[in-house]
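The next block is query.cif, given as mmCIF, C-alpha atoms and all ligand atoms.
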```cif
data_query
#
loop_
_atom_site.label_atom_id
_atom_site.label_comp_id
_atom_site.auth_asym_id
_atom_site.auth_seq_id
_atom_site.Cartn_x
_atom_site.Cartn_y
_atom_site.Cartn_z
CA ASP A 1 -9.97 -15.33 39.50
CA SER A 2 -9.18 -12.75 36.82
CA VAL A 3 -11.94 -10.39 35.72
CA PHE A 4 -10.71 -11.23 32.22
CA ALA A 5 -11.06 -15.00 32.65
CA HIS A 6 -13.74 -15.06 29.92
CA VAL A 7 -11.42 -13.52 27.28
CA VAL A 8 -10.87 -15.98 24.47
CA ARG A 9 -7.63 -16.15 22.54
CA ALA A 10 -7.83 -14.20 19.27
CA PRO A 11 -6.40 -15.70 16.08
CA GLU A 12 -3.07 -14.32 14.82
CA ASP A 13 -3.28 -11.63 12.15
CA PRO A 14 -3.39 -13.47 8.78
CA ILE A 15 -0.35 -11.56 7.45
CA LEU A 16 1.72 -10.74 10.55
CA GLY A 17 0.95 -14.22 11.92
CA VAL A 18 2.99 -15.70 9.07
CA THR A 19 6.10 -14.07 10.56
CA VAL A 20 5.22 -15.39 14.02
CA ALA A 21 5.15 -18.95 12.61
CA PHE A 22 8.32 -18.30 10.59
CA ASN A 23 10.22 -17.12 13.67
CA LYS A 24 9.38 -20.37 15.47
CA ASP A 25 10.73 -22.58 12.65
CA PRO A 26 14.30 -23.77 13.43
CA SER A 27 15.09 -24.83 9.82
CA PRO A 28 18.18 -23.11 8.33
CA ASN A 29 16.48 -23.09 4.90
CA LYS A 30 13.35 -21.28 6.03
CA LEU A 31 12.07 -18.47 3.84
CA ASN A 32 9.56 -15.79 4.79
CA LEU A 33 7.58 -14.54 1.78
CA GLY A 34 4.63 -13.44 3.91
CA VAL A 35 5.03 -9.84 4.90
CA GLY A 36 5.59 -7.15 2.25
CA ALA A 37 8.93 -5.85 3.39
CA TYR A 38 11.88 -5.33 1.06
CA ARG A 39 14.98 -7.49 1.51
CA THR A 40 18.38 -7.20 -0.15
CA GLU A 41 19.95 -9.95 -2.27
CA GLU A 42 21.51 -11.08 1.03
CA GLY A 43 18.06 -11.35 2.57
CA LYS A 44 18.61 -8.40 4.90
CA PRO A 45 16.28 -5.46 5.67
CA LEU A 46 17.43 -2.29 3.89
CA VAL A 47 17.79 1.21 5.27
CA LEU A 48 18.12 3.50 2.26
CA ASN A 49 21.29 5.55 2.02
CA VAL A 50 19.26 8.78 1.65
CA VAL A 51 17.44 7.94 4.87
CA ARG A 52 20.77 7.53 6.68
CA LYS A 53 21.93 10.87 5.26
CA ALA A 54 18.75 12.66 6.27
CA GLU A 55 18.93 11.19 9.77
CA HIS A 56 22.54 12.29 10.03
CA GLN A 57 21.53 15.86 9.14
CA LEU A 58 18.71 15.78 11.66
CA VAL A 59 20.88 14.45 14.47
CA ASN A 60 23.55 17.09 13.85
CA ASP A 61 21.08 19.95 13.83
CA SER A 62 21.20 21.09 17.46
CA SER A 63 18.36 23.55 16.89
CA ARG A 64 15.94 20.62 16.57
CA VAL A 65 13.72 19.96 19.56
CA LYS A 66 11.22 17.27 20.51
CA GLU A 67 8.16 19.47 20.96
CA TYR A 68 4.72 18.23 19.92
CA LEU A 69 3.83 18.60 16.27
CA PRO A 70 0.52 20.28 15.44
CA ILE A 71 -2.50 17.93 15.25
CA VAL A 72 -2.12 17.78 11.46
CA GLY A 73 1.61 17.03 11.65
CA LEU A 74 4.68 18.61 10.08
CA ALA A 75 3.72 21.35 7.60
CA GLU A 76 6.68 20.81 5.25
CA PHE A 77 6.01 17.07 5.20
CA ASN A 78 2.37 17.64 4.28
CA LYS A 79 3.24 20.08 1.52
CA GLN A 80 5.87 17.76 0.02
CA SER A 81 3.63 14.70 0.28
CA ALA A 82 0.87 16.39 -1.70
CA LYS A 83 3.38 17.43 -4.37
CA LEU A 84 4.74 13.90 -4.58
CA ILE A 85 1.40 12.27 -5.28
CA PHE A 86 -0.42 15.00 -7.23
CA GLY A 87 2.58 16.44 -9.08
CA ALA A 88 4.45 19.69 -8.40
CA ASP A 89 2.32 21.64 -10.89
CA SER A 90 -1.02 20.20 -9.81
CA PRO A 91 -3.78 22.84 -10.22
CA ALA A 92 -5.57 21.40 -7.17
CA ILE A 93 -2.54 22.27 -5.01
CA LEU A 94 -2.06 25.69 -6.62
CA GLU A 95 -5.73 26.47 -6.00
CA ASN A 96 -5.34 25.51 -2.30
CA ARG A 97 -8.12 22.99 -2.48
CA VAL A 98 -6.13 20.06 -1.10
CA THR A 99 -5.86 19.44 2.61
CA THR A 100 -3.06 17.09 3.67
CA VAL A 101 -2.59 15.77 7.19
CA GLN A 102 0.26 13.61 8.45
CA CYS A 103 -1.01 10.28 9.78
CA LEU A 104 0.34 7.01 11.14
CA SER A 105 1.53 5.51 7.86
CA GLY A 106 -0.93 4.15 5.30
CA THR A 107 -3.12 2.36 7.81
CA GLY A 108 -3.59 5.45 9.98
CA SER A 109 -4.34 7.58 6.92
CA LEU A 110 -7.04 5.15 5.80
CA ARG A 111 -8.52 5.09 9.28
CA VAL A 112 -8.62 8.88 9.68
CA GLY A 113 -10.15 9.22 6.22
CA GLY A 114 -12.70 6.53 7.05
CA GLU A 115 -13.68 8.19 10.34
CA PHE A 116 -14.07 11.56 8.61
CA LEU A 117 -16.36 9.99 6.01
CA ALA A 118 -18.44 8.23 8.66
CA ARG A 119 -19.02 11.58 10.40
CA HIS A 120 -19.41 13.97 7.50
CA TYR A 121 -20.35 12.13 4.32
CA HIS A 122 -23.90 11.29 3.37
CA GLU A 123 -23.23 7.76 2.05
CA ARG A 124 -21.56 5.52 4.66
CA LEU A 125 -20.87 2.74 2.22
CA ILE A 126 -17.44 1.85 0.85
CA TYR A 127 -16.68 -0.60 -1.94
CA ILE A 128 -13.35 -2.41 -1.73
CA PRO A 129 -11.87 -4.70 -4.40
CA LEU A 130 -12.19 -8.48 -4.16
CA PRO A 131 -9.65 -9.51 -3.03
CA THR A 132 -7.85 -6.69 -1.23
CA TRP A 133 -5.35 -6.10 1.56
CA GLY A 134 -6.78 -7.97 4.56
CA ASN A 135 -6.81 -4.91 6.81
CA HIS A 136 -9.09 -2.82 4.57
CA PRO A 137 -12.44 -4.27 5.67
CA LYS A 138 -11.46 -4.05 9.34
CA VAL A 139 -10.17 -0.48 9.13
CA PHE A 140 -13.28 0.81 7.38
CA THR A 141 -15.78 -1.17 9.43
CA LEU A 142 -14.28 0.09 12.67
CA ALA A 143 -14.23 3.62 11.23
CA GLY A 144 -18.00 3.35 11.00
CA LEU A 145 -18.56 2.58 7.31
CA SER A 146 -20.28 -0.43 5.85
CA VAL A 147 -18.11 -2.40 3.49
CA LYS A 148 -19.06 -4.10 0.24
CA THR A 149 -16.83 -5.61 -2.42
CA TYR A 150 -16.55 -5.10 -6.16
CA ARG A 151 -15.18 -7.72 -8.53
CA TYR A 152 -11.52 -7.12 -9.34
CA TYR A 153 -9.53 -10.29 -9.99
CA ASP A 154 -10.37 -13.10 -12.37
CA PRO A 155 -8.72 -16.35 -11.18
CA SER A 156 -9.21 -17.95 -14.60
CA THR A 157 -7.01 -15.37 -16.37
CA ARG A 158 -5.05 -14.33 -13.27
CA GLY A 159 -5.74 -10.82 -14.50
CA LEU A 160 -8.24 -8.02 -14.07
CA ASP A 161 -11.97 -8.78 -14.15
CA PHE A 162 -12.61 -5.47 -15.86
CA GLN A 163 -16.14 -6.30 -16.97
CA GLY A 164 -17.07 -7.44 -13.46
CA LEU A 165 -15.53 -4.29 -11.99
CA LEU A 166 -17.54 -2.01 -14.30
CA GLU A 167 -20.74 -3.93 -13.63
CA ASP A 168 -20.34 -3.80 -9.85
CA LEU A 169 -19.41 -0.12 -9.71
CA GLY A 170 -22.16 0.56 -12.25
CA SER A 171 -24.75 -0.92 -9.92
CA ALA A 172 -23.38 0.69 -6.73
CA PRO A 173 -25.64 3.32 -5.18
CA SER A 174 -24.84 6.86 -6.27
CA GLY A 175 -22.46 8.57 -3.84
CA ALA A 176 -20.82 5.40 -2.50
CA VAL A 177 -17.11 5.56 -1.68
CA VAL A 178 -14.83 3.32 -3.76
CA LEU A 179 -11.43 2.21 -2.50
CA LEU A 180 -8.88 2.01 -5.33
CA HIS A 181 -5.30 0.77 -5.08
CA ALA A 182 -3.32 3.57 -6.72
CA CYS A 183 -0.80 1.09 -8.15
CA ALA A 184 0.67 -2.36 -7.45
CA HIS A 185 -2.61 -3.86 -6.24
CA ASN A 186 -2.15 -5.96 -3.10
CA PRO A 187 -2.44 -8.98 -3.10
CA THR A 188 -2.94 -9.62 -6.84
CA GLY A 189 -0.22 -7.52 -8.51
CA VAL A 190 -2.83 -6.74 -11.19
CA ASP A 191 -3.49 -3.09 -12.12
CA PRO A 192 -5.84 -1.58 -14.70
CA THR A 193 -4.18 -0.02 -17.76
CA LEU A 194 -4.33 3.77 -18.03
CA GLU A 195 -7.16 3.45 -20.58
CA GLN A 196 -9.07 1.24 -18.17
CA TRP A 197 -8.42 3.72 -15.36
CA ASP A 198 -9.96 6.43 -17.46
CA GLN A 199 -13.05 4.31 -18.08
CA ILE A 200 -13.32 3.67 -14.35
CA ARG A 201 -12.98 7.40 -13.72
CA LYS A 202 -15.71 8.29 -16.21
CA LEU A 203 -18.08 5.71 -14.75
CA MET A 204 -17.37 6.83 -11.18
CA ARG A 205 -17.79 10.51 -11.94
CA SER A 206 -21.02 9.89 -13.86
CA LYS A 207 -22.43 8.12 -10.79
CA GLN A 208 -20.91 10.50 -8.21
CA LEU A 209 -18.92 7.64 -6.67
CA LEU A 210 -16.24 9.07 -4.38
CA PRO A 211 -12.70 7.78 -5.06
CA PHE A 212 -10.53 6.86 -2.07
CA PHE A 213 -7.04 5.92 -3.30
CA ASP A 214 -4.75 3.78 -1.21
CA SER A 215 -1.21 4.60 -2.35
CA ALA A 216 1.08 2.28 -0.44
CA TYR A 217 3.54 1.51 -3.27
CA GLN A 218 4.25 4.70 -5.23
CA GLY A 219 7.49 4.01 -7.12
CA PHE A 220 7.43 0.28 -6.45
CA ALA A 221 5.29 -0.76 -9.39
CA SER A 222 7.26 0.74 -12.26
CA GLY A 223 10.28 2.19 -10.47
CA SER A 224 8.99 5.69 -11.34
CA LEU A 225 7.22 7.88 -8.77
CA ASP A 226 5.44 9.87 -11.48
CA ALA A 227 4.31 6.89 -13.54
CA ASP A 228 2.85 5.18 -10.48
CA ALA A 229 0.92 8.34 -9.55
CA GLN A 230 -0.80 8.60 -12.96
CA PRO A 231 -4.11 6.98 -11.93
CA VAL A 232 -4.48 9.40 -9.01
CA ARG A 233 -3.54 12.38 -11.19
CA LEU A 234 -6.07 11.32 -13.81
CA PHE A 235 -8.87 11.56 -11.24
CA VAL A 236 -7.63 14.88 -9.84
CA ALA A 237 -7.29 16.42 -13.31
CA ASP A 238 -11.04 16.33 -13.92
CA GLY A 239 -11.61 18.73 -11.03
CA GLY A 240 -13.57 16.21 -8.97
CA GLU A 241 -13.05 15.41 -5.30
CA CYS A 242 -11.06 12.46 -3.97
CA PHE A 243 -9.21 11.00 -1.00
CA VAL A 244 -5.65 9.65 -1.04
CA ALA A 245 -3.88 7.72 1.72
CA GLN A 246 -0.09 7.68 1.24
CA SER A 247 2.45 5.45 2.95
CA TYR A 248 6.23 5.83 3.08
CA ALA A 249 6.66 2.36 4.58
CA LYS A 250 7.73 0.67 1.35
CA ASN A 251 9.05 3.36 -0.99
CA LEU A 252 11.34 4.92 1.63
CA GLY A 253 11.69 1.77 3.73
CA LEU A 254 10.29 3.63 6.77
CA TYR A 255 8.01 0.76 7.86
CA GLY A 256 8.37 1.12 11.61
CA GLU A 257 8.51 4.93 11.60
CA ARG A 258 4.79 4.97 10.78
CA VAL A 259 4.83 7.88 8.40
CA GLY A 260 2.10 8.62 5.90
CA ALA A 261 -0.43 11.23 4.86
CA LEU A 262 -4.10 11.64 4.11
CA SER A 263 -4.98 14.15 1.41
CA ILE A 264 -8.51 15.25 0.58
CA VAL A 265 -8.93 17.06 -2.71
CA CYS A 266 -11.94 19.38 -2.46
CA LYS A 267 -13.91 21.50 -4.91
CA ASN A 268 -12.54 24.76 -3.54
CA ALA A 269 -10.21 26.23 -0.93
CA ASP A 270 -12.98 27.14 1.47
CA VAL A 271 -14.31 23.58 1.65
CA ALA A 272 -10.75 22.25 2.03
CA SER A 273 -10.07 24.44 5.04
CA ARG A 274 -13.33 23.47 6.74
CA VAL A 275 -12.61 19.80 6.03
CA GLU A 276 -9.17 20.18 7.61
CA SER A 277 -10.69 21.73 10.73
CA GLN A 278 -12.87 18.63 11.10
CA LEU A 279 -9.96 16.25 10.46
CA LYS A 280 -8.35 17.76 13.55
CA LEU A 281 -11.40 16.78 15.59
CA VAL A 282 -11.02 13.21 14.33
CA ILE A 283 -7.31 13.05 15.14
CA ARG A 284 -7.11 14.85 18.50
CA PRO A 285 -8.98 12.24 20.59
CA MET A 286 -7.44 9.35 18.60
CA TYR A 287 -3.71 9.99 19.12
CA SER A 288 -3.47 13.77 19.65
CA ASN A 289 -0.72 14.42 17.13
CA PRO A 290 1.65 12.32 15.00
CA PRO A 291 5.31 11.42 15.66
CA ILE A 292 8.04 13.77 14.48
CA HIS A 293 11.03 11.66 13.45
CA GLY A 294 9.81 9.85 10.32
CA ALA A 295 8.07 12.92 8.95
CA SER A 296 11.26 14.94 9.43
CA ILE A 297 13.23 12.34 7.46
CA VAL A 298 10.72 12.46 4.60
CA ALA A 299 10.56 16.26 4.55
CA THR A 300 14.37 16.50 4.54
CA ILE A 301 14.61 14.20 1.53
CA LEU A 302 11.70 15.58 -0.49
CA LYS A 303 12.66 19.22 -0.20
CA ASP A 304 16.32 18.71 -1.17
CA ARG A 305 16.90 18.21 -4.89
CA ASP A 306 20.02 16.06 -4.47
CA LEU A 307 18.56 13.82 -1.79
CA PHE A 308 15.37 13.49 -3.81
CA ASN A 309 17.30 12.42 -6.91
CA GLU A 310 19.32 9.96 -4.89
CA TRP A 311 16.08 8.52 -3.52
CA THR A 312 14.63 7.98 -7.00
CA ILE A 313 17.75 5.98 -7.92
CA GLU A 314 17.59 3.80 -4.80
CA LEU A 315 13.86 3.30 -5.29
CA LYS A 316 14.37 2.24 -8.89
CA ALA A 317 17.02 -0.24 -7.76
CA MET A 318 14.55 -1.84 -5.34
CA ALA A 319 11.84 -2.01 -8.01
CA ASP A 320 14.31 -3.46 -10.54
CA ARG A 321 15.48 -6.14 -8.12
CA ILE A 322 11.88 -7.22 -7.63
CA ILE A 323 11.29 -7.30 -11.39
CA SER A 324 14.39 -9.43 -11.86
CA MET A 325 13.15 -11.85 -9.16
CA ARG A 326 9.97 -12.29 -11.21
CA GLN A 327 12.00 -13.21 -14.27
CA GLN A 328 14.27 -15.57 -12.32
CA LEU A 329 11.34 -17.38 -10.71
CA PHE A 330 9.55 -17.67 -14.03
CA ASP A 331 12.72 -19.02 -15.69
CA ALA A 332 13.30 -21.49 -12.84
CA LEU A 333 9.78 -22.91 -13.22
CA SER A 334 10.16 -23.10 -17.01
CA ALA A 335 13.46 -24.94 -16.59
CA ARG A 336 11.78 -27.47 -14.29
CA GLY A 337 8.91 -27.94 -16.72
CA THR A 338 6.52 -27.18 -13.87
CA PRO A 339 2.99 -27.92 -15.09
CA GLY A 340 0.70 -24.91 -15.49
CA GLU A 341 0.85 -21.43 -16.92
CA TRP A 342 3.19 -19.12 -14.98
CA SER A 343 3.45 -16.02 -17.16
CA HIS A 344 1.42 -14.07 -14.58
CA ILE A 345 4.59 -14.04 -12.44
CA ILE A 346 6.22 -11.68 -14.93
CA LYS A 347 3.02 -9.83 -15.85
CA GLN A 348 1.98 -8.88 -12.33
CA ILE A 349 3.62 -5.85 -10.77
CA GLY A 350 4.63 -4.49 -7.40
CA MET A 351 5.78 -6.34 -4.35
CA PHE A 352 3.62 -9.43 -4.66
CA THR A 353 2.85 -12.31 -6.93
CA PHE A 354 -0.56 -13.87 -6.58
CA THR A 355 0.64 -17.34 -7.50
CA GLY A 356 -2.69 -19.12 -7.83
CA LEU A 357 -1.50 -21.78 -5.35
CA ASN A 358 -4.32 -22.91 -3.06
CA SER A 359 -4.18 -23.13 0.71
CA GLU A 360 -3.35 -26.88 0.71
CA GLN A 361 -0.44 -26.25 -1.62
CA VAL A 362 0.69 -23.39 0.62
CA SER A 363 0.56 -25.62 3.73
CA PHE A 364 2.49 -28.29 1.86
CA MET A 365 5.23 -25.80 0.95
CA THR A 366 5.45 -24.57 4.53
CA LYS A 367 5.58 -28.07 5.99
CA GLU A 368 7.96 -29.67 3.49
CA TYR A 369 10.04 -26.67 2.35
CA HIS A 370 9.79 -24.22 5.29
CA ILE A 371 8.49 -21.52 2.94
CA TYR A 372 6.05 -19.12 4.59
CA MET A 373 3.37 -17.10 2.79
CA THR A 374 -0.24 -16.07 3.27
CA SER A 375 -2.75 -18.88 2.71
CA ASP A 376 -4.15 -17.14 -0.40
CA GLY A 377 -0.92 -18.01 -2.25
CA ARG A 378 0.49 -14.49 -2.24
CA ILE A 379 4.28 -14.33 -2.17
CA SER A 380 6.38 -11.26 -1.53
CA MET A 381 8.85 -11.01 -4.42
CA ALA A 382 10.82 -8.52 -2.32
CA GLY A 383 11.66 -11.33 0.11
CA LEU A 384 13.29 -13.47 -2.62
CA SER A 385 16.91 -13.51 -3.82
CA SER A 386 18.87 -15.29 -6.54
CA ARG A 387 20.00 -17.71 -3.84
CA THR A 388 16.47 -18.61 -2.70
CA VAL A 389 14.67 -18.73 -6.08
CA PRO A 390 15.69 -22.38 -6.78
CA HIS A 391 14.34 -23.50 -3.39
CA LEU A 392 11.03 -21.74 -4.05
CA ALA A 393 10.82 -23.15 -7.58
CA ASP A 394 11.45 -26.68 -6.23
CA ALA A 395 8.70 -26.17 -3.66
CA ILE A 396 6.17 -24.87 -6.20
CA HIS A 397 7.05 -27.69 -8.58
CA ALA A 398 6.51 -30.29 -5.86
CA ALA A 399 3.28 -28.62 -4.70
CA VAL A 400 1.64 -28.73 -8.14
CA THR A 401 2.85 -32.14 -9.32
N1 LIG A 501 -2.44 -0.44 1.92
C1 LIG A 501 -1.95 -1.50 1.32
C2 LIG A 501 -2.56 -1.97 0.05
C3 LIG A 501 -0.85 -2.17 1.86
O1 LIG A 501 -0.37 -3.24 1.24
C4 LIG A 501 -0.29 -1.70 3.06
C5 LIG A 501 0.82 -2.42 3.68
O2 LIG A 501 1.08 -3.56 3.50
C6 LIG A 501 -0.85 -0.56 3.64
C7 LIG A 501 -1.92 0.04 3.05
C8 LIG A 501 -0.40 0.10 4.90
O3 LIG A 501 0.84 -0.05 5.34
P1 LIG A 501 1.45 0.92 6.42
O4 LIG A 501 0.38 1.21 7.43
O5 LIG A 501 2.58 0.14 6.99
O6 LIG A 501 1.86 2.15 5.70
#
```
Starting from the file, give its structure as C-alpha cells.
Amino acid sequence: DSVFAHVVRAPEDPILGVTVAFNKDPSPNKLNLGVGAYRTEEGKPLVLNVVRKAEHQLVNDSSRVKEYLPIVGLAEFNKQSAKLIFGADSPAILENRVTTVQCLSGTGSLRVGGEFLARHYHERLIYIPLPTWGNHPKVFTLAGLSVKTYRYYDPSTRGLDFQGLLEDLGSAPSGAVVLLHACAHNPTGVDPTLEQWDQIRKLMRSKQLLPFFDSAYQGFASGSLDADAQPVRLFVADGGECFVAQSYAKNLGLYGERVGALSIVCKNADVASRVESQLKLVIRPMYSNPPIHGASIVATILKDRDLFNEWTIELKAMADRIISMRQQLFDALSARGTPGEWSHIIKQIGMFTFTGLNSEQVSFMTKEYHIYMTSDGRISMAGLSSRTVPHLADAIHAAVT
C-alpha cells in the first residue's frame, strides 16, 4: 500500500476552483466571472501590444543570455518598479532608502515581505481587511505571522465601514502590521477616498502601525498609474517606513510570467541596505533567484518613453472597458426592473463587483445559467462583454426574484 494512503483530498482553491468547475461545464453559454483575468470584448485573453513589442526586441537581441539573475532579481526592473509606484521624483528613492527586490508576482512579494517581518520585526501580528483576497491569511500565516482582521466593508451600504476601520486600527496593539489594498480593493471594489486615506495614515503613524500595501491593480482602478499610486505616495511622503508588494499580472497582463516586486521604504539608506541583505537570506533558500523573462519585458517597457506611453494607453483602454461593463450591467438591471439597489455596481472600482448576492443565489446562477463566480458573490467585470451582459442580468434578475 502507498505510504501516502492516509492523505485526504484537499478542497479546490476557492477562486481557482471556480475555473476548474467552469472547464467541466459543457454548456455553450457558460460564463466564467470567477478569476480576475482581463478578457477582450470577444471574451479572449489579451496580450498587450507593448508586451509583444518588448518580447520581439528581447528575442532579436542576440547578446541576451539565460544566466541566473542575482538573488534580488533584475536591477533595472527593480529601479523602474520603485519609480512606478513611488513616483520618479520620490525623495525616498533619491535618498536611497528604498530597497526593491524582484519577486514571484504579487503573491511572492507578499510572502517574502511576510517572512522578513516574521524574522526581523518585533510585532508578528498583521491586520488584514474583512473581507480580503482569500490568499492573504494563508500567505501571512505560513510566513510566520499571526493574522487578525479589521472591519472594512459594510454590507448594509455596500461601501466602506470607515468608522469600524478606524475603531479596529485604533485598538490594534502599537507596532502591528496593517495590510492595505493600494487601490481597487479585492473583493469589494470599495476604496477609501484620499481624505479618508490621510486619516488612516495619521492614525497609523500615531500608533506606529506598520503599513504593508498590496498593489495588485495599479492603473486598473482609475486608468491612471499615478492616480492609483496616490495612497502609497501619501504614506511615503511623511517620511515613515512601509512595505509595498507590486504585481504586473493585471496591469501588464503578465499573469503567468510571475513578475512583481517587494519594496521596503526605510528611514535611511544604511537601514535599507541591511534590510536588503536580509531579504537575500529569505529568498535564497526559498527559490534561489527569480525568473528573467517577465522582468526583462517590464524593464524594457518602463525604461523606454515610447513603450511606456503606449502602455498607459492600452492600460486605460482596459480600465475603460471595465468601467463601461459596469454601466451596461447597471443599465440592464434597471431595464429589467430588477428589485434591489444596484448603484454599487457603478460606484465600485477595479476588476470586481461585490454584488451582494448570497451563496444560494450564486449556486442558482451557476446551476440554471452556467455563470461561474466565487461564492461570496464577487464577479469579475473584466470577464464580461456587451454580448454577455444580458445573460448575466437575466441570471441576477431570476436569482433575486
Ligand atoms: N493581491 C491581490 C489583492 C490580488 O487580487 C491578487 C491577484 O488576484 C494578488 C495580490 C496577487 O496576484 P499575483 O500573484 O498573480 O500577482
Non-local contacts of A:Leu210 (7 Å; only C-alpha atoms; under 6 positions in same chain excluded) as an mmCIF file with C-alpha atoms, in the coordinates of the input:
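Final output, selection_27.cif:
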```cif
data_model
loop_
_atom_site.group_PDB
_atom_site.id
_atom_site.type_symbol
_atom_site.label_atom_id
_atom_site.label_comp_id
_atom_site.auth_asym_id
_atom_site.auth_seq_id
_atom_site.Cartn_x
_atom_site.Cartn_y
_atom_site.Cartn_z
ATOM 1 C CA GLY A 175 -22.460 8.570 -3.840
ATOM 2 C CA ALA A 176 -20.820 5.400 -2.500
ATOM 3 C CA VAL A 177 -17.110 5.560 -1.680
ATOM 4 C CA VAL A 178 -14.830 3.320 -3.760
ATOM 5 C CA CYS A 242 -11.060 12.460 -3.970
#
```
Who sits within 8 Å of A:Gly113, only C-alpha atoms, same chain under 3 positions skipped, as an MDAnalysis selection string = chainID A and resid 109:110 116:117 243 245 262
Emit the selected residues as a compact mmCIF listing (two decimals), in the coordinates of the input, including C-alpha atoms.
```txt
# COMPACT_ATOMS: atom_id res chain seq x y z
CA SER A 109 -4.34 7.58 6.92
CA LEU A 110 -7.04 5.15 5.80
CA PHE A 116 -14.07 11.56 8.61
CA LEU A 117 -16.36 9.99 6.01
CA PHE A 243 -9.21 11.00 -1.00
CA ALA A 245 -3.88 7.72 1.72
CA LEU A 262 -4.10 11.64 4.11
```
Could you please extract the residues within 8 Å of ligand LIG 501 (chain A), counting all atoms listed in the file, and hand them back as number ranges by chain?
-> A: 35-36, 104-110, 132-133, 135-136, 181, 185-187, 214-217, 246-250, 255-256, 258-260
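Minimum atom-to-atom distances from A:Val362, A:Leu392, A:Ala299, A:Ile313 to A:Gln57 were compared using all atoms listed in the file, and the lowest value belongs to A:Ala299.
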In file coordinates, which residues lie within 12 Å of (14.5, 3.9, -7.0) using all atoms listed in the file, given as a PyMOL selection string?
-> chain A and resi 48-50+217-226+250-253+307-322
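Here atom CA of A:His122 stands at a distance of 26.9 Å from atom CA of A:Pro91.
Proximity ranking of A:Arg205, A:Lys83, A:Arg9, A:Lys44 relative to A:Ala261 places A:Lys83 first, based on all atoms listed in the file.
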What lies within 7 Å of A:Gly144 using all atoms listed in the file, ignoring chain neighbours under 2 positions off, as a ChimeraX atom specification?
-> /A:115,118,140-142,146
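Checking A:Leu130, A:Ala184, A:Leu234, A:Met381 one by one against A:Gln196, counting all atoms listed in the file, you find the shortest gap at A:Leu234.
In terms of minimum interatomic distance to A:Val47, A:Leu254 ranks closest within A:Leu145, A:Leu254, A:Leu302, A:Val7, counting only C-alpha atoms.
For the residues A:Thr40, A:Arg97, A:Asp154, A:Met373, ranking by smallest atom-to-atom distance to A:Ala21 using all atoms listed in the file places A:Met373 first.
With all atoms listed in the file as the basis for measurement, A:Ala229 is the residue among A:Ala229, A:Ile264, A:Ala398, A:Val282 that approaches A:Ala88 most closely.
Picture a line from atom CA of A:Tyr121 to atom CA of A:Gln199; it runs 24.8 Å.
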Quick one: residues within 12 Å of A:His56, only C-alpha atoms counted, chain neighbours fewer than 5 positions away excluded, as a ChimeraX atom specification?
-> /A:49-51,61-62,296-297,300-301
Take atom CA of A:Ala10 and atom CA of A:Lys138 and report the distance between them in Å, one decimal.
-> 14.7 Å
Would you give the centre and edge lengths, in Å to one decimal, of a box along x, y and z around the listed atoms of stretch 261-265 of chain A, with 4 Å added to each side, as AutoDock Vina command-line options?
```
--center_x -4.7 --center_y 14.1 --center_z 1.1 --size_x 16.5 --size_y 13.8 --size_z 15.6
```
Written record: stretch 51-62 of chain A, N, CA and C atoms, as an mmCIF file, in the first residue's frame:
```
data_model
loop_
_atom_site.group_PDB
_atom_site.id
_atom_site.type_symbol
_atom_site.label_atom_id
_atom_site.label_comp_id
_atom_site.auth_asym_id
_atom_site.auth_seq_id
_atom_site.Cartn_x
_atom_site.Cartn_y
_atom_site.Cartn_z
ATOM 1 N N VAL A 51 3.702 44.558 -24.853
ATOM 2 C CA VAL A 51 4.382 43.343 -24.381
ATOM 3 C C VAL A 51 4.926 42.567 -25.576
ATOM 4 N N ARG A 52 4.112 42.446 -26.635
ATOM 5 C CA ARG A 52 4.592 41.798 -27.869
ATOM 6 C C ARG A 52 5.827 42.511 -28.411
ATOM 7 N N LYS A 53 5.775 43.846 -28.425
ATOM 8 C CA LYS A 53 6.920 44.621 -28.949
ATOM 9 C C LYS A 53 8.171 44.390 -28.116
ATOM 10 N N ALA A 54 7.991 44.435 -26.798
ATOM 11 C CA ALA A 54 9.155 44.239 -25.914
ATOM 12 C C ALA A 54 9.723 42.838 -26.110
ATOM 13 N N GLU A 55 8.850 41.854 -26.215
ATOM 14 C CA GLU A 55 9.329 40.476 -26.404
ATOM 15 C C GLU A 55 10.082 40.347 -27.724
ATOM 16 N N HIS A 56 9.584 41.018 -28.732
ATOM 17 C CA HIS A 56 10.220 40.997 -30.041
ATOM 18 C C HIS A 56 11.646 41.543 -29.937
ATOM 19 N N GLN A 57 11.771 42.688 -29.244
ATOM 20 C CA GLN A 57 13.109 43.269 -29.028
ATOM 21 C C GLN A 57 14.015 42.291 -28.298
ATOM 22 N N LEU A 58 13.471 41.660 -27.277
ATOM 23 C CA LEU A 58 14.289 40.756 -26.456
ATOM 24 C C LEU A 58 14.762 39.556 -27.278
ATOM 25 N N VAL A 59 13.845 39.014 -28.072
ATOM 26 C CA VAL A 59 14.178 37.827 -28.861
ATOM 27 C C VAL A 59 15.251 38.155 -29.908
ATOM 28 N N ASN A 60 15.179 39.382 -30.453
ATOM 29 C CA ASN A 60 16.125 39.747 -31.512
ATOM 30 C C ASN A 60 17.455 40.264 -30.994
ATOM 31 N N ASP A 61 17.589 40.345 -29.689
ATOM 32 C CA ASP A 61 18.840 40.809 -29.106
ATOM 33 C C ASP A 61 19.717 39.587 -28.802
ATOM 34 N N SER A 62 20.661 39.302 -29.719
ATOM 35 C CA SER A 62 21.423 38.057 -29.596
ATOM 36 C C SER A 62 22.455 38.135 -28.473
#
```
